[in-house]
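**Q** File follows, my_file_8.tsv with TSV, C-alpha atoms (C1' of nucleotides):
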chain	number	residue	atom	x	y	z
A	1	MET	CA	0.00	0.00	0.00
A	2	PRO	CA	2.69	2.33	-1.01
A	3	GLU	CA	2.09	5.91	-0.08
A	4	LEU	CA	4.88	7.85	1.60
A	5	PRO	CA	4.77	5.98	4.94
A	6	GLU	CA	4.97	2.57	3.27
A	7	VAL	CA	7.86	3.63	1.05
A	8	GLU	CA	9.67	4.99	4.12
A	9	THR	CA	9.04	1.66	5.85
A	10	TYR	CA	10.38	-0.22	2.82
A	11	ARG	CA	13.43	2.04	2.76
A	12	LEU	CA	14.25	1.20	6.36
A	13	TYR	CA	13.62	-2.48	5.63
A	14	LEU	CA	16.03	-2.41	2.72
A	15	GLU	CA	18.58	-0.55	4.86
A	16	GLY	CA	18.23	-3.22	7.54
A	17	THR	CA	18.57	-6.22	5.27
A	18	SER	CA	20.18	-5.69	1.90
A	19	MET	CA	23.16	-3.37	2.22
A	20	HIS	CA	26.82	-4.14	1.52
A	21	GLN	CA	26.25	-7.57	0.01
A	22	ARG	CA	27.62	-8.37	-3.43
A	23	ILE	CA	24.85	-8.74	-6.02
A	24	GLU	CA	25.46	-12.02	-7.86
A	25	ASN	CA	22.45	-12.13	-10.14
A	26	ILE	CA	19.17	-10.41	-10.93
A	27	GLU	CA	16.11	-12.28	-12.13
A	28	VAL	CA	13.35	-10.42	-13.94
A	29	GLU	CA	10.13	-12.24	-14.74
A	30	ASP	CA	8.66	-9.57	-17.01
A	31	PRO	CA	10.74	-6.88	-18.76
A	32	LYS	CA	7.77	-4.52	-18.59
A	33	LEU	CA	8.62	-4.06	-14.91
A	34	LEU	CA	11.89	-2.39	-15.91
A	35	THR	CA	12.39	1.17	-17.11
A	36	THR	CA	15.83	0.06	-18.25
A	37	THR	CA	16.87	-2.88	-20.41
A	38	TYR	CA	17.67	-6.08	-18.58
A	39	ALA	CA	21.21	-5.99	-19.99
A	40	ALA	CA	21.79	-2.46	-18.70
A	41	LEU	CA	20.48	-3.43	-15.28
A	42	THR	CA	22.71	-6.48	-14.90
A	43	ASP	CA	25.73	-4.74	-16.46
A	44	ALA	CA	25.40	-1.95	-13.93
A	45	LEU	CA	24.58	-3.96	-10.82
A	46	VAL	CA	26.01	-7.46	-10.90
A	47	GLY	CA	29.17	-7.40	-8.83
A	48	ARG	CA	28.10	-4.22	-7.05
A	49	MET	CA	26.41	-3.67	-3.70
A	50	PHE	CA	23.80	-1.34	-2.29
A	51	THR	CA	25.42	1.35	-0.16
A	52	ASP	CA	22.82	4.00	0.66
A	53	THR	CA	19.15	4.89	0.25
A	54	ARG	CA	17.06	8.00	-0.20
A	55	ARG	CA	13.31	8.49	-0.44
A	56	VAL	CA	11.50	11.39	-2.11
A	57	GLY	CA	7.72	11.14	-1.95
A	58	LYS	CA	6.82	7.64	-3.10
A	59	ASN	CA	10.15	7.15	-4.87
A	60	LEU	CA	12.96	5.07	-3.41
A	61	PHE	CA	16.51	5.56	-4.69
A	62	VAL	CA	19.22	3.05	-3.85
A	63	MET	CA	22.84	4.01	-4.36
A	64	THR	CA	25.54	1.47	-5.16
A	65	ASP	CA	29.33	1.36	-5.07
A	66	GLY	CA	29.20	1.97	-8.83
A	67	ALA	CA	27.92	4.97	-10.75
A	68	PRO	CA	24.25	4.20	-11.39
A	69	ILE	CA	21.42	4.68	-8.93
A	70	VAL	CA	18.52	2.22	-8.75
A	71	HIS	CA	15.04	3.73	-8.72
A	72	PHE	CA	12.13	1.79	-7.18
A	73	HIS	CA	8.50	2.76	-7.62
A	74	PHE	CA	5.97	0.58	-5.82
A	75	GLY	CA	2.86	1.41	-7.82
A	76	MET	CA	-0.30	0.44	-5.98
A	77	THR	CA	0.72	-2.89	-4.49
A	78	GLY	CA	4.51	-3.20	-4.45
A	79	ASP	CA	6.43	-4.61	-1.49
A	80	LEU	CA	9.83	-6.01	-0.54
A	81	ALA	CA	10.72	-9.40	0.92
A	82	TYR	CA	14.20	-10.45	2.02
A	83	TYR	CA	14.62	-14.17	2.41
A	84	HIS	CA	17.15	-16.99	2.53
A	85	ASN	CA	17.42	-19.07	-0.60
A	86	SER	CA	16.58	-22.21	1.36
A	87	LEU	CA	13.04	-20.85	1.60
A	88	PRO	CA	10.62	-20.76	-1.31
A	89	ARG	CA	10.52	-17.58	-3.34
A	90	PRO	CA	7.79	-15.28	-2.02
A	91	ARG	CA	4.66	-15.02	-4.12
A	92	PHE	CA	4.80	-12.21	-6.73
A	93	ALA	CA	8.58	-11.75	-6.34
A	94	ARG	CA	8.86	-10.96	-10.02
A	95	ILE	CA	12.25	-9.25	-9.65
A	96	VAL	CA	14.87	-10.84	-7.38
A	97	PHE	CA	18.32	-9.54	-6.42
A	98	GLY	CA	20.48	-12.52	-5.42
A	99	PHE	CA	23.28	-11.67	-2.98
A	100	ALA	CA	26.53	-13.49	-2.28
A	101	GLY	CA	25.89	-15.28	1.00
A	102	GLY	CA	22.65	-16.98	0.09
A	103	PHE	CA	20.04	-14.30	0.71
A	104	SER	CA	17.81	-12.58	-1.81
A	105	LEU	CA	15.74	-9.42	-1.98
A	106	GLY	CA	12.44	-9.90	-3.77
A	107	PHE	CA	10.55	-6.99	-5.30
A	108	LEU	CA	6.93	-8.09	-4.99
A	109	CYS	CA	4.75	-6.96	-7.88
A	110	PRO	CA	1.28	-8.50	-7.60
A	111	ARG	CA	-0.30	-6.23	-10.22
A	112	LYS	CA	2.69	-5.28	-12.31
A	113	PHE	CA	2.23	-1.55	-11.71
A	114	GLU	CA	5.62	-1.49	-10.04
A	115	ARG	CA	8.84	-0.34	-11.71
A	116	ILE	CA	12.60	-0.59	-11.27
A	117	GLY	CA	15.19	1.19	-13.36
A	118	LEU	CA	18.49	3.01	-13.40
A	119	VAL	CA	18.76	6.80	-13.12
A	120	GLU	CA	21.66	9.09	-13.84
A	121	SER	CA	21.08	11.18	-10.76
A	122	ILE	CA	18.30	11.69	-8.25
A	123	GLU	CA	17.92	15.36	-9.08
A	124	ALA	CA	17.68	14.69	-12.81
A	125	HIS	CA	14.98	12.08	-12.24
A	126	LEU	CA	12.95	14.36	-9.97
A	127	LEU	CA	13.20	17.15	-12.51
A	128	ARG	CA	12.23	14.94	-15.42
A	129	LYS	CA	9.22	13.53	-13.55
A	130	LYS	CA	8.34	16.96	-12.10
A	131	ILE	CA	8.26	15.53	-8.59
A	132	GLY	CA	7.79	18.27	-6.03
A	133	VAL	CA	9.02	18.78	-2.48
A	134	ASP	CA	8.64	15.78	-0.16
A	135	ALA	CA	5.55	16.02	2.04
A	136	LEU	CA	7.68	15.85	5.20
A	137	ASP	CA	9.86	18.75	4.04
A	138	ILE	CA	7.42	21.20	2.47
A	139	THR	CA	6.75	24.52	4.26
A	140	PRO	CA	3.26	25.97	4.81
A	141	GLU	CA	4.19	28.90	2.55
A	142	VAL	CA	5.24	26.74	-0.40
A	143	LEU	CA	2.20	24.51	0.05
A	144	PHE	CA	-0.01	27.61	0.00
A	145	GLU	CA	1.59	28.92	-3.21
A	146	ASN	CA	1.30	25.52	-4.89
A	147	LEU	CA	-2.38	25.18	-3.99
A	148	ARG	CA	-3.64	28.70	-4.68
A	149	ARG	CA	-2.73	28.75	-8.39
A	150	ARG	CA	-4.78	25.62	-9.15
A	151	LYS	CA	-8.49	25.32	-9.81
A	152	SER	CA	-9.24	21.62	-9.30
A	153	PRO	CA	-10.71	20.12	-6.15
A	154	ILE	CA	-8.10	20.40	-3.41
A	155	LYS	CA	-8.03	16.63	-3.00
A	156	SER	CA	-6.91	16.20	-6.63
A	157	VAL	CA	-4.26	18.90	-6.25
A	158	LEU	CA	-2.83	17.33	-3.08
A	159	LEU	CA	-2.63	13.99	-4.89
A	160	ASP	CA	-0.64	15.61	-7.71
A	161	GLN	CA	2.99	14.74	-6.99
A	162	THR	CA	4.14	18.08	-8.42
A	163	THR	CA	2.24	19.96	-5.69
A	164	VAL	CA	3.77	17.94	-2.87
A	165	ALA	CA	5.37	14.50	-3.11
A	166	GLY	CA	4.18	11.42	-1.24
A	167	ILE	CA	0.47	11.87	-0.53
A	168	GLY	CA	-1.83	9.10	-1.76
A	169	ASN	CA	-5.55	8.49	-1.79
A	170	TRP	CA	-5.97	7.19	1.75
A	171	ILE	CA	-3.74	9.74	3.38
A	172	VAL	CA	-5.22	12.71	1.55
A	173	ASP	CA	-8.67	11.89	2.96
A	174	GLU	CA	-7.20	11.72	6.45
A	175	VAL	CA	-5.28	14.97	5.99
A	176	LEU	CA	-8.38	16.80	4.74
A	177	PHE	CA	-10.42	15.45	7.64
A	178	GLN	CA	-7.84	16.43	10.25
A	179	ALA	CA	-7.54	19.91	8.70
A	180	LYS	CA	-11.35	20.23	8.38
A	181	VAL	CA	-11.23	20.98	4.66
A	182	HIS	CA	-13.82	19.65	2.20
A	183	PRO	CA	-12.23	17.42	-0.48
A	184	GLU	CA	-13.99	19.30	-3.29
A	185	LYS	CA	-12.98	22.76	-2.14
A	186	ASN	CA	-11.51	24.72	-5.05
A	187	ALA	CA	-7.76	24.72	-4.45
A	188	GLY	CA	-7.59	28.29	-5.76
A	189	THR	CA	-9.66	29.53	-2.82
A	190	VAL	CA	-7.47	28.27	0.03
A	191	THR	CA	-6.36	30.79	2.61
A	192	ILE	CA	-2.99	30.83	4.32
A	193	GLY	CA	-4.86	29.56	7.37
A	194	ASP	CA	-6.13	26.57	5.40
A	195	ALA	CA	-2.61	25.89	4.17
A	196	GLU	CA	-1.23	26.04	7.70
A	197	ARG	CA	-3.85	23.58	8.96
A	198	LEU	CA	-3.20	21.29	5.99
A	199	HIS	CA	0.52	21.45	6.60
A	200	ALA	CA	0.07	20.53	10.26
A	201	ALA	CA	-2.28	17.69	9.30
A	202	ILE	CA	0.18	16.32	6.73
A	203	GLN	CA	2.90	16.22	9.39
A	204	LYS	CA	0.61	14.62	11.95
A	205	VAL	CA	-0.80	11.95	9.64
A	206	LEU	CA	2.55	11.01	8.09
A	207	GLN	CA	4.40	10.91	11.43
A	208	THR	CA	1.60	8.79	12.89
A	209	ALA	CA	1.67	6.39	9.96
A	210	ILE	CA	5.46	6.05	9.88
A	211	ALA	CA	5.57	5.44	13.64
A	212	ARG	CA	3.16	2.54	13.11
A	213	GLU	CA	5.09	1.27	10.10
A	214	ALA	CA	2.16	2.21	7.88
A	215	ASN	CA	-0.23	-0.14	9.62
A	216	TYR	CA	-3.40	1.88	9.17
A	217	GLY	CA	-5.38	-0.39	11.45
A	218	GLN	CA	-3.34	1.04	14.35
A	219	PHE	CA	-4.23	4.67	13.67
A	220	PRO	CA	-5.83	6.62	16.55
A	221	THR	CA	-9.59	6.28	16.92
A	222	ASP	CA	-10.17	9.95	16.02
A	223	PHE	CA	-8.94	9.24	12.47
A	224	ILE	CA	-11.55	8.94	9.72
A	225	ILE	CA	-9.59	6.18	7.98
A	226	HIS	CA	-11.45	3.62	10.07
A	227	ALA	CA	-14.55	4.35	7.97
A	228	ARG	CA	-12.81	3.30	4.79
A	229	GLN	CA	-13.58	0.01	3.17
A	230	TRP	CA	-10.30	-1.85	2.79
A	231	GLY	CA	-10.78	-4.12	-0.15
A	232	ALA	CA	-9.13	-7.33	0.89
A	233	SER	CA	-8.34	-6.72	4.52
A	234	PRO	CA	-10.31	-8.71	7.10
A	235	TYR	CA	-9.76	-5.77	9.47
A	236	ALA	CA	-11.91	-3.68	7.16
A	237	GLN	CA	-15.08	-5.62	7.53
A	238	ALA	CA	-14.72	-6.29	11.24
A	239	ASP	CA	-13.61	-2.95	12.66
A	240	ARG	CA	-15.09	-0.51	10.20
A	241	HIS	CA	-16.53	2.64	11.80
A	242	LEU	CA	-19.24	4.19	9.66
A	243	GLN	CA	-19.73	7.05	12.11
A	244	CYS	CA	-17.43	10.10	12.06
A	245	PRO	CA	-15.25	10.38	15.20
A	246	CYS	CA	-17.20	13.60	15.93
A	247	GLY	CA	-20.15	11.34	16.71
A	248	LYS	CA	-22.65	13.59	14.95
A	249	ALA	CA	-22.71	12.30	11.38
A	250	ALA	CA	-22.17	9.27	9.22
A	251	VAL	CA	-19.06	9.41	7.09
A	252	ALA	CA	-19.99	10.29	3.50
A	253	GLN	CA	-18.62	8.37	0.55
A	254	SER	CA	-18.20	9.87	-2.92
A	255	ARG	CA	-15.80	10.15	-5.83
A	256	VAL	CA	-13.49	13.11	-6.34
A	257	GLY	CA	-11.21	13.22	-9.35
A	258	GLY	CA	-12.15	9.62	-10.07
A	259	ARG	CA	-10.97	8.37	-6.66
A	260	ALA	CA	-12.96	6.89	-3.79
A	261	THR	CA	-13.37	9.62	-1.17
A	262	TYR	CA	-14.49	9.52	2.47
A	263	PHE	CA	-15.28	12.67	4.46
A	264	CYS	CA	-17.50	14.03	7.21
A	265	PRO	CA	-20.23	16.36	5.90
A	266	LEU	CA	-20.35	18.15	9.25
A	267	CYS	CA	-16.65	18.51	10.07
A	268	GLN	CA	-15.59	19.37	6.52
A	269	ILE	CA	-17.76	22.20	5.22
A	270	ASN	CA	-17.04	23.38	1.67
A	271	GLY	CA	-16.65	27.08	2.33
B	1	DC	C1'	-19.17	-13.00	-12.99
B	2	DG	C1'	-18.67	-8.19	-12.13
B	3	DC	C1'	-16.74	-4.82	-9.48
B	4	DT	C1'	-13.10	-2.48	-6.87
B	5	DA	C1'	-8.34	-1.18	-6.00
B	6	DT	C1'	-3.08	2.25	-2.61
B	7	DG	C1'	-0.42	5.07	-8.66
B	8	DT	C1'	1.07	7.10	-12.95
B	9	DT	C1'	0.77	8.34	-17.73
B	10	DG	C1'	-1.06	9.40	-22.19
B	11	DT	C1'	-4.73	11.53	-24.72
B	12	DT	C1'	-8.22	14.75	-25.57
B	13	DC	C1'	-10.49	18.76	-24.82
B	14	DC	C1'	-10.59	23.58	-23.58
C	1	DA	C1'	0.90	26.55	-23.76
C	2	DG	C1'	-0.73	24.54	-20.10
C	3	DG	C1'	-4.21	22.78	-17.17
C	4	DA	C1'	-8.12	19.77	-16.27
C	5	DA	C1'	-10.59	15.41	-16.86
C	6	DC	C1'	-10.43	10.78	-17.48
C	7	DA	C1'	-9.41	6.35	-19.64
C	8	DA	C1'	-5.90	2.91	-19.65
C	9	DC	C1'	-2.54	0.02	-17.69
C	10	DA	C1'	-2.45	-5.67	-15.35
C	11	DT	C1'	-3.90	-8.29	-11.95
C	12	DA	C1'	-5.84	-10.02	-7.46
C	13	DG	C1'	-9.39	-10.50	-4.33
C	14	DC	C1'	-14.03	-10.44	-2.86
Could I get this structure in the form of structure tokens?
**A**
Amino acid sequence: MPELPEVETYRLYLEGTSMHQRIENIEVEDPKLLTTTYAALTDALVGRMFTDTRRVGKNLFVMTDGAPIVHFHFGMTGDLAYYHNSLPRPRFARIVFGFAGGFSLGFLCPRKFERIGLVESIEAHLLRKKIGVDALDITPEVLFENLRRRKSPIKSVLLDQTTVAGIGNWIVDEVLFQAKVHPEKNAGTVTIGDAERLHAAIQKVLQTAIAREANYGQFPTDFIIHARQWGASPYAQADRHLQCPCGKAAVAQSRVGGRATYFCPLCQING
DNA sequence: CGCTATGTTGTTCC
DNA sequence: AGGAACAACATAGC
């Protein structure tokens, strides 16, 4: 479920498992998962090792002791699994880095929306993809300027990675709820006060999620995320709260910018 | 079977 | 030109 907190969790996982081991081989089940040719990937990485990591928004960059940098994007369902070769390969491990020493790092790609490739430099990649400032680093003033010049619903603008990098569909609903902003509010009408509340909510929601290793089921009870229907999760059906934490209204469900949207019609007035 | 899905990108329209 | 709207991508799970 890779929004910023998941990618941060994966980054720490990779740091804790896969560094400083010689890469002996790379298996790729489907070349569509690569933004580089398979030959370029193996030429650049076999014999090298991972040395450092950096995350910007939902993008994970892994440095090596050679020149190229590996870029991971987790799409909607990507994950990592580090395992010993005596164990069976994890399901959906469609790309596998095999290390000297008998361990492997699997890049799990259930729906093939995930991508791995080589980039010249982090800055060049961010520029080319127009990825904005990371959500944990943006200032209220920059957020305000980036919102006020747009005309779409504020939810759509916050999801745009050029506005601010790392916010996804579940987190944006939580951020808007915590900041008491209606998801369909015209982004061009935000005040500096709105931007300051949104900024504080972004920090709060992301810090909360990262501290719980992105396990949304462990969010505080005053979060609206518990109203959301989680497709496959058993937690969803059992613990779902259809009532807003304010206790005065049922959580409303709609679509904004083509995405499933949950909000409280009392707490989040479109004004 | 039919419907939904965490993200991004390409196309079309304005 | 540039922004907005939305379909498309590939697949799993319910």
**Q** Mind checking which residues fall within 8 Å of region 4-11 of chain C, counting all atoms listed in the file, ignoring those fewer than 4 positions away in the same chain, and posting them as a list in words?
**A**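 Contacts, with the query itself left out: Pro110, Arg111, Lys112, Phe113, Ser152, Gly257 and Gly258 of chain A.
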**Q** At a cut-off of 10 Å, list the chain A residues touching chain B, using all atoms listed in the file, as a list in words.
**A**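 Taken together, these residues fit the definition: Met1, Pro2, Glu3, Glu6, Lys58, His73, Phe74, Gly75, Met76, Thr77, Gly78, Phe113, Glu114, Leu159, Gln161, Gly168, Asn169, Trp170, Ile171, Trp230, Gly231, Ala232, Arg259 and Ala260 of chain A.
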**Q** For the residues selected in the previous step, produce a file with C-alpha atoms as a CSV table (one decimal), keeping the file's coordinate frame.
**A**
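Below is the file that was written, selection_30.csv:
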chain,number,residue,atom,x,y,z
A,1,MET,CA,0.0,0.0,0.0
A,2,PRO,CA,2.7,2.3,-1.0
A,3,GLU,CA,2.1,5.9,-0.1
A,6,GLU,CA,5.0,2.6,3.3
A,58,LYS,CA,6.8,7.6,-3.1
A,73,HIS,CA,8.5,2.8,-7.6
A,74,PHE,CA,6.0,0.6,-5.8
A,75,GLY,CA,2.9,1.4,-7.8
A,76,MET,CA,-0.3,0.4,-6.0
A,77,THR,CA,0.7,-2.9,-4.5
A,78,GLY,CA,4.5,-3.2,-4.4
A,113,PHE,CA,2.2,-1.6,-11.7
A,114,GLU,CA,5.6,-1.5,-10.0
A,159,LEU,CA,-2.6,14.0,-4.9
A,161,GLN,CA,3.0,14.7,-7.0
A,168,GLY,CA,-1.8,9.1,-1.8
A,169,ASN,CA,-5.6,8.5,-1.8
A,170,TRP,CA,-6.0,7.2,1.8
A,171,ILE,CA,-3.7,9.7,3.4
A,230,TRP,CA,-10.3,-1.8,2.8
A,231,GLY,CA,-10.8,-4.1,-0.2
A,232,ALA,CA,-9.1,-7.3,0.9
A,259,ARG,CA,-11.0,8.4,-6.7
A,260,ALA,CA,-13.0,6.9,-3.8
**Q** So what do you get for CA of Val133 (chain A) versus CA of Glu184 (chain A), distance-wise?
**A**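 One can read the CA of Val133 (chain A) to CA of Glu184 (chain A) distance as 23.0 Å.
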**Q** Please compute the CA of Leu108 (chain A)-CA of Asp30 (chain A) distance, one decimal, in Å.
**A**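 Computing the Euclidean distance for CA of Leu108 (chain A) and CA of Asp30 (chain A) yields 12.2 Å.
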**Q** Quick one, how far is CA of Ile122 (chain A) from CA of His71 (chain A)?
**A**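 For CA of Ile122 (chain A) relative to CA of His71 (chain A), the distance reads 8.6 Å.
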**Q** Distance cut-off 12 Å, centre (-4.5, 17.6, -6.0) in file coordinates, counting all atoms listed in the file: which residues qualify? Return them as a compact mmCIF listing (two decimals) with C-alpha atoms (C1' of nucleotides), in the coordinates of the input.
**A**
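Dumped everything to point_26.txt:
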# COMPACT_ATOMS: atom_id res chain seq x y z
CA LEU A 143 2.20 24.51 0.05
CA ASN A 146 1.30 25.52 -4.89
CA LEU A 147 -2.38 25.18 -3.99
CA ARG A 148 -3.64 28.70 -4.68
CA ARG A 149 -2.73 28.75 -8.39
CA ARG A 150 -4.78 25.62 -9.15
CA LYS A 151 -8.49 25.32 -9.81
CA SER A 152 -9.24 21.62 -9.30
CA PRO A 153 -10.71 20.12 -6.15
CA ILE A 154 -8.10 20.40 -3.41
CA LYS A 155 -8.03 16.63 -3.00
CA SER A 156 -6.91 16.20 -6.63
CA VAL A 157 -4.26 18.90 -6.25
CA LEU A 158 -2.83 17.33 -3.08
CA LEU A 159 -2.63 13.99 -4.89
CA ASP A 160 -0.64 15.61 -7.71
CA GLN A 161 2.99 14.74 -6.99
CA THR A 162 4.14 18.08 -8.42
CA THR A 163 2.24 19.96 -5.69
CA VAL A 164 3.77 17.94 -2.87
CA ALA A 165 5.37 14.50 -3.11
CA GLY A 166 4.18 11.42 -1.24
CA ILE A 167 0.47 11.87 -0.53
CA GLY A 168 -1.83 9.10 -1.76
CA ASN A 169 -5.55 8.49 -1.79
CA VAL A 172 -5.22 12.71 1.55
CA ASP A 173 -8.67 11.89 2.96
CA LEU A 176 -8.38 16.80 4.74
CA PRO A 183 -12.23 17.42 -0.48
CA GLU A 184 -13.99 19.30 -3.29
CA LYS A 185 -12.98 22.76 -2.14
CA ASN A 186 -11.51 24.72 -5.05
CA ALA A 187 -7.76 24.72 -4.45
CA GLY A 188 -7.59 28.29 -5.76
CA VAL A 256 -13.49 13.11 -6.34
CA GLY A 257 -11.21 13.22 -9.35
CA GLY A 258 -12.15 9.62 -10.07
CA ARG A 259 -10.97 8.37 -6.66
C1' DA C 4 -8.12 19.77 -16.27
**Q** With a distance cut-off of 10 Å and only C-alpha atoms (C1' of nucleotides), select the neighbouring residues of Ala44 (chain A), excluding the residue or stretch itself and same-chain residues fewer than 4 positions from it, and output the selection as a PDB file with C-alpha atoms, keeping the file's coordinate frame.
**A**
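Written out: around.pdb:
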ATOM      1  CA  TYR A  38      17.670  -6.080 -18.580  1.00  0.00           C
ATOM      2  CA  ALA A  39      21.210  -5.990 -19.990  1.00  0.00           C
ATOM      3  CA  ALA A  40      21.790  -2.460 -18.700  1.00  0.00           C
ATOM      4  CA  ARG A  48      28.100  -4.220  -7.050  1.00  0.00           C
ATOM      5  CA  THR A  64      25.540   1.470  -5.160  1.00  0.00           C
ATOM      6  CA  GLY A  66      29.200   1.970  -8.830  1.00  0.00           C
ATOM      7  CA  ALA A  67      27.920   4.970 -10.750  1.00  0.00           C
ATOM      8  CA  PRO A  68      24.250   4.200 -11.390  1.00  0.00           C
ATOM      9  CA  ILE A  69      21.420   4.680  -8.930  1.00  0.00           C
ATOM     10  CA  VAL A  70      18.520   2.220  -8.750  1.00  0.00           C
ATOM     11  CA  LEU A 118      18.490   3.010 -13.400  1.00  0.00           C
TER      12      LEU A 118
END
**Q** Find the residue from A:Tyr262, A:Phe103, A:Phe50, A:Phe92 that sits nearest to chain C; use all atoms listed in the file when measuring.
**A**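 Ranked by minimum distance to chain C, first place goes to A:Phe92.
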**Q** I'd like the box whose edges run along x, y and z of the file and which contains every listed atom of region 4-17 of chain A, padded by 4 Å per side; could you state its centre and edge lengths in Å, one decimal, as AutoDock Vina command-line options?
**A**
--center_x 11.7 --center_y 0.8 --center_z 4.3 --size_x 21.8 --size_y 22.1 --size_z 14.5
